[in-house]
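Here the structure comes first, spelled out in structure tokens, and everything after it is commentary.
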Amino acid sequence: MKRANQGSNKLHLSNLKHHLKTKLNKSKQIISMLMAAMMLFGMLPGTALAALWADDPTGSQPAAAPIAPAGAAVAAEGEITVYIDFEGYNLGQGFYIEPTALVLPEGSTAADATEALLDSLGYENWASGRGTAEYYLQRIKGLDKGFVDLPAYLLPADWWDEYATDAPGSDGMLGEFSYTSMSGWMLTVNHEMIGTSAGAHELADGDVIRWQFTVYGYGSDIGVVNSVGGEPVYDHVDKTALVQALFSAGATSEDKAAALGVLINPLATAQEVADATAALLAGAGETEPDEYWFVIDSPSSAQDLMDKIATLLVADFGQADVGSPVAADTRYDFSVVQRLKVTGLMGSYLFNYNVSRNNLSPYLEQLDISNTTGPIPSLSGASASENYYGSLKSVTMPARAANGHGPVPILLGFAERHLRRQHRQPRQHELLQWLQLAARDGLFRRHRADHRRQHLHRVEQRHGRRPHRYCLCT
């Protein structure tokens, strides 16, 4: 185990190894008796060090089907939204998984939420009783950060000499008996230790699930009264409302970062929690999809464009960070991407690869590429055979689009979509003729309103239908 890096917090364990086997066996006997007693009264809290020597990573039951995480999406009828995280503040390791919003079916348990989150993020984990009311989370691979920096309420660390075990290995496994013989995963739901296992605790809409790693007193270092560890060694302020506020629309990325710092600090005061919550809620309702512009600078490819959009979905809309978007991605709520502005140098095929086209085309209403350099992209699929980008109502073009550089691919799709209402595929010269008329009266804002009316009349005379009012302007 790496030693802590702050003066008096350093832990010297080399002289303790000869105590390990004796102490570990003694602790197992004590914990086994405690767990047996707790199960008789139905009071086992979460995964409080239960099934201590079950090493089957699949458990006695098949794993529950994973439920994909969502961001701040509104749950539909028959669904609930809950919030869940994994914290290692008792080791000084901060968040393992930051608060994440999950949309689950009604009747889901804390174990269902746990399995859904870990599976979606690819964390291998060991638990017994999967799919049953006896679900106990034992270990998770890849979480441990390899150092210990004990908080003030666990100092002086005289107790460490008696209870220390080997540190986790290089695989980052973290769970029961990691670092101490009293360690393991414990959870609170809305700041309370639940009176049963995670597999038996049914969740309600808005519940906040915090998995917290304990190293001392069988949960006394969680700061909440529990029936195994007894009285807490400090008072942990209720942060349920703070977690919920992290997902409020309109909260800024700066306020969210500050709130996360308060959340992971076990000694944060009630005033600090209240202030952080108020800051998050101050902007609630200000971020509306029909008012918000996604501004993306210099996307080099369709994937880069979508990665940058996903960053804004996480920062400004409170959606879960589940990595790079993929084609037809249901993990992110792209319905809020209604206004998109691209600036700087952009790649040639931003909008006609599946990762961008499938995710953006159902929702994108306004596109502004007026302040870009490089080739003007096409909107592949705006044709009779592929009706993508059907929601697009306006495009603001760069000045170079009207400087004699030939037909603009991004506009050809619009022309084709309008002209094919005659139930036939329009010819190339008809497309260009439509664009010429559109450019004459609709492409530039400097043209007067009466020119616009004349243009609409001409298009209606030639093609039997007026085009939509696309703002194709510099």
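Here, A, B, ... name the chains of the structure tokens in the order displayed, residue numbers run from 1 inside each chain, and ligands are numbered from 1 in the same displayed order.
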
Find the residues near Gln138 (chain A): any atom within 6 Å, counting only C-alpha atoms, skip ones fewer than 4 places away on the same chain, and give them as a list of chain:residue names.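 Using only C-alpha atoms, the neighbours found are A:Trp126, A:Ala127, A:Gly175, A:Glu176.
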
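Once Ile140 (chain A) and its same-chain neighbours fewer than 2 positions away are set aside, A:Tyr123, A:Glu124, A:Asn125, A:Trp126, A:Gly142, A:Leu143, A:Met173, A:Leu174, A:Gly175 remain within 7 Å of it when counting only C-alpha atoms.
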
May I have the residues within 7 Å of Ser361 (chain A) as a list of chain:residue names, using only C-alpha atoms and disregarding those fewer than 3 positions away in the same chain?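 Answer for this query is A:Arg357, A:Asn358, A:Leu364, A:Tyr388, A:Tyr389, A:Gly390, A:Ser391.
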
Please write the residues from the selection above to a file, keeping N, CA and C atoms, as a PDB file, in the first residue's frame.
ATOM      1  N   ARG A 357     -25.484  12.008 -37.710  1.00  0.00           N
ATOM      2  CA  ARG A 357     -26.758  12.044 -38.427  1.00  0.00           C
ATOM      3  C   ARG A 357     -27.882  11.367 -37.636  1.00  0.00           C
ATOM      4  N   ASN A 358     -27.633  10.190 -37.098  1.00  0.00           N
ATOM      5  CA  ASN A 358     -28.682   9.456 -36.402  1.00  0.00           C
ATOM      6  C   ASN A 358     -29.089  10.132 -35.097  1.00  0.00           C
ATOM      7  N   LEU A 364     -32.607  18.525 -34.595  1.00  0.00           N
ATOM      8  CA  LEU A 364     -31.946  19.779 -34.940  1.00  0.00           C
ATOM      9  C   LEU A 364     -32.874  20.667 -35.757  1.00  0.00           C
ATOM     10  N   TYR A 388     -33.445  12.349 -43.600  1.00  0.00           N
ATOM     11  CA  TYR A 388     -32.811  12.834 -42.380  1.00  0.00           C
ATOM     12  C   TYR A 388     -32.943  14.359 -42.282  1.00  0.00           C
ATOM     13  N   TYR A 389     -32.706  14.871 -41.079  1.00  0.00           N
ATOM     14  CA  TYR A 389     -32.749  16.304 -40.805  1.00  0.00           C
ATOM     15  C   TYR A 389     -34.093  16.910 -41.207  1.00  0.00           C
ATOM     16  N   GLY A 390     -35.143  16.154 -40.997  1.00  0.00           N
ATOM     17  CA  GLY A 390     -36.471  16.638 -41.349  1.00  0.00           C
ATOM     18  C   GLY A 390     -36.972  17.742 -40.444  1.00  0.00           C
ATOM     19  N   SER A 391     -36.344  17.904 -39.257  1.00  0.00           N
ATOM     20  CA  SER A 391     -36.779  18.952 -38.330  1.00  0.00           C
ATOM     21  C   SER A 391     -36.077  20.283 -38.573  1.00  0.00           C
TER      22      SER A 391
END

Would you please extract all alpha helix (DSSP H) residues from region 143-282 of chain A, as assigned by DSSP on the backbone, and give them as a CSV table (one decimal) with N, CA and C atoms, in the first residue's frame?
chain,number,residue,atom,x,y,z
A,158,ASP,N,-4.2,5.3,15.7
A,158,ASP,CA,-3.7,4.2,16.5
A,158,ASP,C,-4.5,2.9,16.2
A,159,TRP,N,-5.8,3.0,15.9
A,159,TRP,CA,-6.6,1.8,15.6
A,159,TRP,C,-6.1,1.1,14.4
A,160,TRP,N,-5.4,1.8,13.5
A,160,TRP,CA,-5.0,1.2,12.2
A,160,TRP,C,-4.1,0.0,12.5
A,161,ASP,N,-3.3,0.1,13.5
A,161,ASP,CA,-2.3,-1.0,13.7
A,161,ASP,C,-3.0,-2.3,14.0
A,162,GLU,N,-4.2,-2.2,14.7
A,162,GLU,CA,-4.9,-3.5,15.0
A,162,GLU,C,-5.7,-4.1,13.9
A,163,TYR,N,-6.2,-3.2,13.0
A,163,TYR,CA,-7.1,-3.7,12.0
A,163,TYR,C,-6.6,-3.7,10.5
A,240,THR,N,-28.9,15.0,0.4
A,240,THR,CA,-29.8,14.5,-0.5
A,240,THR,C,-30.3,15.6,-1.5
A,241,ALA,N,-30.7,16.8,-1.0
A,241,ALA,CA,-31.1,17.8,-1.9
A,241,ALA,C,-30.0,18.4,-2.8
A,242,LEU,N,-28.8,18.3,-2.3
A,242,LEU,CA,-27.6,18.8,-3.0
A,242,LEU,C,-27.4,17.9,-4.3
A,243,VAL,N,-27.5,16.6,-4.1
A,243,VAL,CA,-27.3,15.7,-5.2
A,243,VAL,C,-28.4,15.9,-6.2
A,244,GLN,N,-29.7,16.0,-5.8
A,244,GLN,CA,-30.8,16.2,-6.7
A,244,GLN,C,-30.6,17.5,-7.5
A,245,ALA,N,-30.1,18.6,-6.8
A,245,ALA,CA,-29.9,19.9,-7.4
A,245,ALA,C,-28.8,19.9,-8.5
A,253,SER,N,-21.6,24.9,-15.0
A,253,SER,CA,-20.5,23.9,-14.8
A,253,SER,C,-19.7,24.3,-13.6
A,254,GLU,N,-19.6,25.7,-13.4
A,254,GLU,CA,-18.8,26.1,-12.2
A,254,GLU,C,-19.5,25.8,-10.9
A,255,ASP,N,-20.8,26.0,-10.9
A,255,ASP,CA,-21.6,25.7,-9.7
A,255,ASP,C,-21.6,24.2,-9.4
A,256,LYS,N,-21.6,23.4,-10.5
A,256,LYS,CA,-21.6,22.0,-10.3
A,256,LYS,C,-20.3,21.5,-9.7
A,257,ALA,N,-19.2,22.0,-10.2
A,257,ALA,CA,-17.9,21.7,-9.7
A,257,ALA,C,-17.8,22.0,-8.2
A,258,ALA,N,-18.2,23.2,-7.8
A,258,ALA,CA,-18.2,23.6,-6.4
A,258,ALA,C,-19.1,22.7,-5.6
A,259,ALA,N,-20.2,22.3,-6.1
A,259,ALA,CA,-21.1,21.4,-5.4
A,259,ALA,C,-20.6,20.1,-5.2
A,260,LEU,N,-19.9,19.5,-6.2
A,260,LEU,CA,-19.2,18.2,-6.0
A,260,LEU,C,-18.2,18.3,-4.9
A,261,GLY,N,-17.4,19.4,-4.8
A,261,GLY,CA,-16.5,19.5,-3.8
A,261,GLY,C,-17.1,19.5,-2.4
A,262,VAL,N,-18.3,20.1,-2.3
A,262,VAL,CA,-19.0,20.1,-1.0
A,262,VAL,C,-19.5,18.7,-0.7
A,263,LEU,N,-20.0,18.0,-1.7
A,263,LEU,CA,-20.6,16.7,-1.6
A,263,LEU,C,-19.6,15.7,-1.1
A,270,ALA,N,-23.6,22.4,7.4
A,270,ALA,CA,-25.0,22.5,6.9
A,270,ALA,C,-25.1,23.8,6.0
A,271,GLN,N,-24.4,24.9,6.4
A,271,GLN,CA,-24.5,26.1,5.7
A,271,GLN,C,-23.8,26.0,4.3
A,272,GLU,N,-22.7,25.3,4.3
A,272,GLU,CA,-22.0,25.0,3.0
A,272,GLU,C,-22.9,24.2,2.1
A,273,VAL,N,-23.5,23.2,2.6
A,273,VAL,CA,-24.4,22.4,1.8
A,273,VAL,C,-25.6,23.2,1.2
A,274,ALA,N,-26.2,24.0,2.1
A,274,ALA,CA,-27.3,24.9,1.7
A,274,ALA,C,-26.9,25.9,0.7
A,275,ASP,N,-25.7,26.5,0.8
A,275,ASP,CA,-25.3,27.5,-0.1
A,275,ASP,C,-25.0,26.8,-1.5
A,276,ALA,N,-24.4,25.6,-1.5
A,276,ALA,CA,-24.1,25.0,-2.8
A,276,ALA,C,-25.4,24.6,-3.5
A,277,THR,N,-26.4,24.1,-2.7
A,277,THR,CA,-27.7,23.7,-3.3
A,277,THR,C,-28.4,24.9,-3.9
A,278,ALA,N,-28.3,26.0,-3.1
A,278,ALA,CA,-29.0,27.3,-3.6
A,278,ALA,C,-28.4,27.8,-4.9
A,279,ALA,N,-27.0,27.6,-5.0
A,279,ALA,CA,-26.3,28.1,-6.2
A,279,ALA,C,-26.7,27.3,-7.4
A,280,LEU,N,-26.9,26.0,-7.2
A,280,LEU,CA,-27.4,25.1,-8.3
A,280,LEU,C,-28.8,25.4,-8.8
A,281,LEU,N,-29.6,25.7,-7.8
A,281,LEU,CA,-31.0,26.0,-8.1
A,281,LEU,C,-31.3,27.4,-8.6
A,282,ALA,N,-30.3,28.3,-8.4
A,282,ALA,CA,-30.5,29.7,-8.8
A,282,ALA,C,-30.7,29.8,-10.3

Excluding Ile84 (chain A) and any residue of its chain fewer than 5 positions from it, enumerate the residues within 10 Å of it, using only C-alpha atoms, and give them as a list of chain:residue names. A:Ile97, A:Glu98, A:Pro99, A:Thr100, A:Ala101, A:Leu102, A:Ala110, A:Ala113, A:Thr114, A:Leu117, A:Leu187, A:Val189, A:Asp207, A:Val208, A:Ile209, A:Arg210, A:Trp211, A:Val243

Restricting it to C-alpha atoms, dump the selection as a PDB file, in the first residue's frame.
ATOM      1  CA  ILE A  97     -18.168   7.454  -9.711  1.00  0.00           C
ATOM      2  CA  GLU A  98     -19.725  10.903  -9.569  1.00  0.00           C
ATOM      3  CA  PRO A  99     -23.495  11.262  -9.073  1.00  0.00           C
ATOM      4  CA  THR A 100     -25.337   9.776 -12.023  1.00  0.00           C
ATOM      5  CA  ALA A 101     -29.029   9.899 -12.928  1.00  0.00           C
ATOM      6  CA  LEU A 102     -30.682   6.601 -13.818  1.00  0.00           C
ATOM      7  CA  ALA A 110     -31.162  -0.299  -4.852  1.00  0.00           C
ATOM      8  CA  ALA A 113     -29.650   0.654  -9.708  1.00  0.00           C
ATOM      9  CA  THR A 114     -26.216  -0.514  -8.567  1.00  0.00           C
ATOM     10  CA  LEU A 117     -24.606   1.725 -13.173  1.00  0.00           C
ATOM     11  CA  LEU A 187     -25.013   2.612   1.212  1.00  0.00           C
ATOM     12  CA  VAL A 189     -30.695   6.104   0.594  1.00  0.00           C
ATOM     13  CA  ASP A 207     -34.139   8.723  -4.346  1.00  0.00           C
ATOM     14  CA  VAL A 208     -30.438   9.430  -3.772  1.00  0.00           C
ATOM     15  CA  ILE A 209     -28.230   6.349  -3.365  1.00  0.00           C
ATOM     16  CA  ARG A 210     -24.722   6.953  -2.039  1.00  0.00           C
ATOM     17  CA  TRP A 211     -22.359   3.982  -1.889  1.00  0.00           C
ATOM     18  CA  VAL A 243     -27.340  15.659  -5.180  1.00  0.00           C
TER      19      VAL A 243
END

Between CA of Ala320 (chain A) and CA of Phe351 (chain A) lies a distance of 23.6 Å

Please give the complete set of residues from region 37-264 of chain A that DSSP, run on the backbone, assigns to strand (DSSP E), formatted as a PyMOL selection string. chain A and resi 79-87+95-105+125-128+136-140+174-175+184-189+192-193+208-214

Would you mind listing what lies within 6 Å of Leu340 (chain A) as a list in words, with only C-alpha atoms counted and same-chain residues fewer than 6 positions away left out?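 The neighbour list is Trp293, Phe294 and Leu367 of chain A.
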
How far is it from CA of Tyr216 (chain A) to CA of Asp171 (chain A), in Å with one decimal?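 Result for CA of Tyr216 (chain A) versus CA of Asp171 (chain A): 23.0 Å, one decimal.
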
One decimal, in Å: what's the spacing between CA of Leu267 (chain A) and CA of Lys145 (chain A)? 21.4 Å

Long-range neighbours of Phe317 (chain A) as a ChimeraX atom specification, 9 Å cut-off, only C-alpha atoms, 2 positions minimum in chain: /A:71-72,247-252,287,312-315,319,336

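Using only C-alpha atoms for every distance, the candidate list A:Leu305, A:Ile369, A:Met346, A:Val228 yields A:Ile369 as the residue closest to Thr396 (chain A).
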